[in-house]
Amino acid sequence: METNNNANDNQQPKMNMPKFNMNWIYAIVIAILIGLYMTGGTDSATTKKQVSYSKFKDMVTAGYASKIVINKNKSELYMYVKPEKVREVFKQSVQQTGTEPFITVEIGSVDQVEQFVNQMRTDQKFLGEFSYENKNGGEVMNFLIYNILPILLIIGLWLFFMRRMGGGTGMGSGIFSVGKSRAKMYENGGNLQITFKDVAGQAGAKQEMQEIVDFLKNPQKYTELGGKIPKGALLVGPPGTGKTLMAKAVAGEAGVPFFSMSGSDFVEMFVGVGASRVRDLFQQAKQKAPCIIFIDEIDAVGRARSKNPAMGGNDERENTLNALLTEMDGFGTNSGIITLAATNRADMLDSALMRAGRFDRQIHVDLPDLNERKEVFNVHLKPLKLDKDLDIDFLARQTPGFSGADIANVCNEAALIAARHNRHTVGRQDFLDAVDRIIGGLEKKTKVMTEQEKRSIAIHEAGHATISWFTEFANPLVKVSIVPRGQALGAAWYLPEERVLQTKEAMLDEMCSLLGGRAAEELFIGQISTGAMNDLERTTKQAYGMVAFAGMSERLPNVCYYNNQEYQFQRPYSETTAKIMDDEVLKMISEQYDRAKRILTEHKDGHAQLAQLLVDREVIFAEDVEKIFGPRPWQSRADELLEAQMRADAERLLAERDGKKEERGESEE
């Protein structure tokens, strides 16, 4: 029976009582003040009505008055109406008006009122009480406005700012918690449910991070040999490569407390708050050691300190950085605390933060290569319903230079496109459309163009395709389109070869291909247009990079004028050298432009067929170009290089597998 009673008690619905809120108190006080203001501050809750002085005299003469009171301070009198006359004056009953309803009258002279009242007494028209009062009407209201209300406003503002500075967590946080750390702590990193299995690719970075996990799990293995646990590791890489995910995986693998905080959380409008939060963060971490502190976007506080304070250096940010430097490797010791940080602007960090003993390791999380992109696709394709004929290798080759976040976006866009077309699975064309959508922008099918403009764009894009087909190091063509996308009226898609080093010949071929559109306009239309602005911009930047940074010009060979000083406003070369740079850039671009016109002149018939095909079909592929020009002259060599690369990858995989077998055999022995 007791069990049943307990069960019944547990099954009883709980009353959802509203939570207490200070805003209720504020609303009640404001309502009371408004009510007092509306009633004029008088103590009576009865009905009143204002009339003219002549109307007042008529009412007294008619015998309506039971009592008359003159307020000298306000030059006003109150005439209280007899109960039997209430309905005639207020058109309401006594129950509705109250026991003593009255009318108010503004008076000019008290003597005249006295004479009138005395005359009414003589005529037996008024026999009630006649008195004076010096009370200022609305005394209660005036007292509240001038005495109580300012105090309430000050208290309210103090409570508001105290809650704001305390992070909005209520009265308990208070103004004294403004310097407390706002880091999110996970008592057990394993609760994040993220491990290295969830991080696709990045084999080198994972190997570096695996050693940090081993330090946390088994520090005696290293300390017995005299080694020290590293103080920190800095994850450096482009946006979207998975730096934050890598840090979460380290915490998940190690299973230790994990403090997560953004660099901007240290920055505050109050002086000294950032440094105080740094000290509080490391104080909490010492109590949970061994643990991990992760600071995302550390460049918000770790930027290089200014050597010239007059240039606008932020003292508060520098104080925060100094506190961070001291906590990481200062006079005290922080044993068992490993600091991880992530940034994509490592070149802007302070040199004191980058030295050994603070961030002992810089782990580069780069953009994934071909094999790593396959692994990333395998992760993000799991929740999708895929077509059976989908080739993941093809998708990986179609997305060179894509980060992990970009690949996730491609998979999501492909699923949305498939759903938009009422398909039951996501196929190859959906992924191609998704890549086009991300690279080129949204397709503008409603953009109005004349036939002349359409043909001009087709000749321009056919020029790019022709030059890329007949230059050795140009990227292989995938397709050409004259359908407007984003800000572009047409585009040519290429499949870039992932080269570690760029040669001068390859860069010149790329410049020639970029100039092919403008050259085709001049040769086959007779006039040039603004459609080549983006091509010219890219060509000019690449030419200046080759001359000023890579030392690839004839008159300035083997010289690099790259300067990474943040507060350096003087160019590291003279005006004469700048003129030589301009001449070399102009010469380089002119040579490639003339080369592009020569190639187009040699293949003008094929270019004309290609442009007409673009006008008719709007989108053509590499197969169509091959039908017009024949096989690409350099395709056999590219195939040989691709086969050699595939052979090398296979040999590397076999060697890794044999090495793992040997390690397994040694461990079994």
# chains A, B, ... in the order shown; residues from 1 in each chain; ligands from 1
>>> select_by_dssp(residues="range 194-406 of chain A", states="alpha helix (DSSP H)", output="ChimeraX atom specification")
/A:203-217,220-223,243-254,273-288,299-302,315-328,351-354,370-380,392-397,404-406
>>> residues_around(residues="Glu133 in chain A", least_positions_apart="2", cutoff="8 Å", atoms="only C-alpha atoms", output="list in words")
Val69, Ile70, Asn71, Lys72, Ser131 and Lys135 of chain A
>>> atom_distance(atom1="CA of Glu413 in chain A", atom2="CA of Ala532 in chain A")
29.5 Å
